Structure formats: structure tokens, C-alpha cells
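Let me begin by presenting the structure, written as C-alpha cells, before commenting on it.
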Amino acid sequence: MERTWNNKAWFMVLPVLLLVAFSAVIPLMTVVNYSVQDTFGNNQFFWAGTDWFVEILHSDRFWEALGRNLLFSAIILSIEIPLGILIALNMPKKGLGVPVCLVLMALPLLIPWNVVGTIWQVFGRVDIGLLGFTLKALGFDYNYVNDVFDAWMTLIVMDVWHWTSLVVLLCYAGLVSIPEAYYQAAKIDGASRWAVFRYIQLPKMKRVLLIAFLLRFMDSFMIYTEPFVVTGGGPGNSTTFLSIDLVKMAIGQFDLGPAAAMSIIYFLIILLLSWIFYTVMTSSDEQA
Amino acid sequence: MAATTNNNSRWPLALLAVLLIYALATGMLVLSLPVKDGGRDWFAPLVPGGWMAWSFPTAMFFLSIFTLLALMAVWEYARPGGHPRVGILRFETTRGDRLFISLLGSAFINLAWLGLVGPNLWWALALCVVYAIGVFRYV
């Protein structure tokens, strides 16, 4: 049968194209323009070529911040994804417990990032914060302001508290969509709890897990507000992630050229890693 | 109903239109360059004081990217379906995927060149063309 085409349908995507143009394409083009020029303000620009890229690629500051970002994302993903699955598996599937659990899980997601940072900044203080004071009273030498390990632990626990719920809710949505017949068949076959998880629940959660994984990776790799509020990038530069460094460079030092070059490299790394994750997870999904 | 059958025999016209627009836009950009010491200043701001800080090389870069996308649209018009296939990466790719892989890989080739070799990117550009041909042929 000959396929029919209605090219007027393309006009239906025009609004979203305009929206993306104004929210993403035009700012991206501006950043590319800035990345090859220098400015001293007043919208006066001078050609710099690829100098800023060379400078960024040869700066230890950039590579150290990138390393911290990758480490942070790896830790966050290795905790939040398994923990989210575990909590979702143990959430009630019917009864009053369902809305109670869902509301409890959604609560951290409703809190703005800067408020989360402020909460944990106060929570971790050894003089007035419940966490800091309790740890001190128990004999732990906890101080996220001076100690690198404590600062990292605080940021990791804060992120896990804030965002595991997202993974839980996505996994839960995947779990409740599994028809009861699958479980009945597994029961007849005498499948173990692990076998049910491995061969029924996990494959059915794959798509939502992909979304959770990508969202959490991109978000943790771009993290800014919470560490900025809690540690301000310290002690020293130990929690200075790329985003914090970028803001320092662009707004603090008004080095728009190097900051734009760094933004583009940062953007390309996120694009590459997200594409790899997406491709690996969707192609393994197609093979399954 | 406004539905029409797909007539892809007119693709040379579409290709010509895209190339013509590209040539015209390039010409306009060249003409808009300021003249300095009797010659065109290729690196001067195209719009002095403009907040987007356009320059000729960046304008040409984006114009080429948009032209590439338009050429892909013409290719799709001529041969609909995206030509999906499984190549050496062992997953299915369409023409659009292959363009994305080419552009993303080219960006990293250029960055690697800047970091390891130097600021002159002409050889890196040549390498990108070879890489893109490889991607379109084998991926």
C-alpha cells in the first residue's frame, strides 16, 4: 500500500521548535560565540580563537573538578539506584499504606534545592544542628566545614535523601504495572524471590530505570545549588564541582571566554555520557 | 483532506534550494564583514555591540550545521525511512543517528587535537571528515 503524507503536520511541531530555540539553541549559540572571543565588558568583543579551549584543557583546575563530578555521580548512582529499587520493592501495593508512602516519598522532591542545602547546612552544624551535634555527642570528630571526608559524606547523604524518592517513585510505577498473572505463573513454577525479581520485576522496570538513571546522572553531574549552599565548594576546593567552578569563573571573575569554553566542554561530556548510557540501555532492552 | 502521496522525485530541486540558500547566506555574511586596512576583517564582530557577539567563523559554523540538517532532510525526502541498519557498533542506527555520532565524535576529535597537538584545527577538521565518512559507511 502506498503511504500517504501530510506535510502540514510539520507545522504542529513549530511551537516546540520555537520554544527550544529560545530556551536552548540561542543561548548555546551565544556561548559558542563567547568561547572564541574575549571581552572587557560593555559588549565589546575581541577575537581569541581557540585560546580559551586550550587554556581550559591544560588547566588542572578543570580536570580536578571534572574528576570530582564523575566521582560524585558514580557514588550517587551506585547508592540511589539500588536503594530506590529496594524501597520500591518493599512498598505496599494496596491499602492505606500506598498513598501514605507515596506522599512521604514525594515530600523531599517538593523542596527547592537551595532550601535543601540550607536544611542540611544547619542540620550538619556541630553547635546547633541535630546531625552534627548528635555525631559529636557520640564521639565522632565530625565537621563538614573543615574535613574533606565529612563534607563529601554530608553532600552524598543529602543527595541520597533528596533524590532517592525519584528513583523509588519511578520504580514503583514500573512495578505496579506488572500484571498479576506474571506472579501467579512464577508461583506455580516455584520461583524464588530472587528469580521473581531477576526475571519478572527487573525486566519490567528496565525502561523506568533507564529514565531514573539518566535523570539522576545528568542532575548529579550538573549539581550546583546544594553543595554551593552547604560547603561553598570547600574545604579548599574539595567539593568544587564543575558547575561551581564555572559560576566562579563566569560571574565571580567575569572571565566570559574561558567560562564559555568550559561550558561547551562540560556540555559535550554530559551529552556523550548520556548518549552512551541511553544507547547501551536501550540496545540491551531491544536484545532482551 | 490535504494528504498527498509522497513525490520524492523532486529532491534535486530541494537540494538545489538548500545549497542556494547556503551560498546566499555565506555571501551575505562575507559582505557584512567590516573592511580594515583595505581587506576584510574576518574575525571582527559582525554586529558591533550585539549581545550575541556574532563573528564570521561562528556564524559559518552554525550555518554549516543548519545546512547539514537541511541536507539530511533532503536525503530523507529523497529516500524516506532513515535507512536503519546494524553496523560495527552492533546497534541499530538511522541516518540521523549516524550524523549525531559524526558531529559528537568530531567535537571530541577537535578537543583532543586542541589538548594534545595545538590550536591549528585544519588537520583535525580533515580527520573529522574521514571519521564522518567512516561512521556513515560502517556504523
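Ligands are numbered from 1 in the order shown, chains are lettered A, B, ... in the order of the C-alpha cells, and residues start at 1 in each chain.
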
Residue hits in chain A, query chain B, radius 6 Å, only C-alpha atoms, as JSON, numbers by chain: {"A": [4, 5, 6, 30, 33, 43, 44, 47, 54, 57]}

Limited to C-alpha atoms, could you put the picked residues into a file as a PDB file, in the first residue's frame?
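Final output, again.pdb:
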ATOM      1  CA  THR A   4       0.242   8.958   2.449  1.00  0.00           C
ATOM      2  CA  TRP A   5       1.985  12.048   3.704  1.00  0.00           C
ATOM      3  CA  ASN A   6       0.596  15.245   5.100  1.00  0.00           C
ATOM      4  CA  THR A  30      25.752  32.739  22.308  1.00  0.00           C
ATOM      5  CA  ASN A  33      30.309  32.927  20.245  1.00  0.00           C
ATOM      6  CA  ASN A  43      29.528  44.235  24.816  1.00  0.00           C
ATOM      7  CA  GLN A  44      32.895  44.811  23.172  1.00  0.00           C
ATOM      8  CA  TRP A  47      38.722  37.520  18.668  1.00  0.00           C
ATOM      9  CA  VAL A  54      43.499  25.243  25.034  1.00  0.00           C
ATOM     10  CA  LEU A  57      42.113  21.712  28.525  1.00  0.00           C
TER      11      LEU A  57
END

When DSSP is applied to the backbone of this structure, which of chain B are assigned alpha helix (DSSP H)? Write them out as a ChimeraX atom specification. /B:11-31,56-78,95-116,122-138

Contacts of Ala70 of chain B at 7 Å (only C-alpha atoms; same-chain gap of 4+ positions) as a list in words: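 Residues near the query, excluding close chain neighbours: Val18, Phe66 and Val74 of chain B.
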
With distances taken over only C-alpha atoms, which of B:Val35, B:Leu20, B:Asp97, B:Trp11 is nearest to Pro84 of chain B?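 Closest residue, counting only C-alpha atoms: B:Asp97.
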
For Ile81 of chain A: contacts at 8 Å, only C-alpha atoms, fewer than 2 positions along chain excluded, given as a PyMOL selection string: chain A and resi 77-79+83-85+164+167+209+212-213

Export, as a PDB file, in the first residue's frame, the selected residues with N, CA and C atoms.
ATOM      1  N   LEU A  77      24.887   7.390  41.979  1.00  0.00           N
ATOM      2  CA  LEU A  77      24.149   6.382  41.217  1.00  0.00           C
ATOM      3  C   LEU A  77      24.252   5.009  41.862  1.00  0.00           C
ATOM      4  N   SER A  78      25.442   4.693  42.386  1.00  0.00           N
ATOM      5  CA  SER A  78      25.607   3.357  42.987  1.00  0.00           C
ATOM      6  C   SER A  78      24.834   3.222  44.300  1.00  0.00           C
ATOM      7  N   ILE A  79      24.446   4.320  44.899  1.00  0.00           N
ATOM      8  CA  ILE A  79      23.623   4.234  46.115  1.00  0.00           C
ATOM      9  C   ILE A  79      22.136   4.375  45.771  1.00  0.00           C
ATOM     10  N   LEU A  83      19.127   1.427  46.141  1.00  0.00           N
ATOM     11  CA  LEU A  83      18.277   1.774  47.287  1.00  0.00           C
ATOM     12  C   LEU A  83      16.852   2.083  46.837  1.00  0.00           C
ATOM     13  N   GLY A  84      16.731   2.796  45.731  1.00  0.00           N
ATOM     14  CA  GLY A  84      15.410   3.125  45.192  1.00  0.00           C
ATOM     15  C   GLY A  84      14.639   1.873  44.814  1.00  0.00           C
ATOM     16  N   ILE A  85      15.339   0.905  44.191  1.00  0.00           N
ATOM     17  CA  ILE A  85      14.690  -0.356  43.801  1.00  0.00           C
ATOM     18  C   ILE A  85      14.239  -1.106  45.057  1.00  0.00           C
ATOM     19  N   THR A 164      16.563   9.978  46.192  1.00  0.00           N
ATOM     20  CA  THR A 164      16.250   8.552  46.081  1.00  0.00           C
ATOM     21  C   THR A 164      14.750   8.371  45.821  1.00  0.00           C
ATOM     22  N   VAL A 167      13.790   7.892  42.252  1.00  0.00           N
ATOM     23  CA  VAL A 167      14.039   6.533  41.757  1.00  0.00           C
ATOM     24  C   VAL A 167      12.949   5.599  42.277  1.00  0.00           C
ATOM     25  N   LEU A 209      13.832   2.472  34.876  1.00  0.00           N
ATOM     26  CA  LEU A 209      15.183   2.566  35.451  1.00  0.00           C
ATOM     27  C   LEU A 209      16.108   3.373  34.545  1.00  0.00           C
ATOM     28  N   ALA A 212      15.280   6.877  35.233  1.00  0.00           N
ATOM     29  CA  ALA A 212      15.813   7.250  36.552  1.00  0.00           C
ATOM     30  C   ALA A 212      17.327   7.428  36.484  1.00  0.00           C
ATOM     31  N   PHE A 213      17.990   6.491  35.828  1.00  0.00           N
ATOM     32  CA  PHE A 213      19.449   6.518  35.714  1.00  0.00           C
ATOM     33  C   PHE A 213      19.913   7.783  34.985  1.00  0.00           C
TER      34      PHE A 213
END

To one decimal place in Å, what is the distance between atom CA of Tyr77 of chain B and atom CA of Leu19 of chain B?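 Computing it gives 15.4 Å between the two atoms.
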
Strand (DSSP E) per DSSP on the backbone: members of segment 26-104 of chain B, as a PyMOL selection string: chain B and resi 35-36+39-40+85-86+92-93

Output C-alpha atoms of each residue in that selection to a file, as a PDB file, in the first residue's frame.
ATOM      1  CA  VAL B  35      36.749  46.324   5.984  1.00  0.00           C
ATOM      2  CA  LYS B  36      40.055  47.069   7.699  1.00  0.00           C
ATOM      3  CA  GLY B  39      40.849  43.958   3.334  1.00  0.00           C
ATOM      4  CA  ARG B  40      38.025  42.171   5.102  1.00  0.00           C
ATOM      5  CA  ARG B  85      20.884  -0.775   9.898  1.00  0.00           C
ATOM      6  CA  VAL B  86      23.132  -2.544  12.399  1.00  0.00           C
ATOM      7  CA  GLU B  92      20.671  -0.098  15.058  1.00  0.00           C
ATOM      8  CA  THR B  93      21.334   3.379  13.720  1.00  0.00           C
TER       9      THR B  93
END

Which of A:Ser283, A:Asn237, A:Ser243, A:Ser177 sits closest to Ser220 of chain A [using only C-alpha atoms]: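 Selected residue with least distance to Ser220 of chain A: A:Ser243.
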
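All residues of protein, DNA or RNA that reach within 10 Å of Trp122 of chain B, judged by only C-alpha atoms and not counting those fewer than 5 positions away in the chain, are B:Asn110, B:Leu127, B:Cys128.
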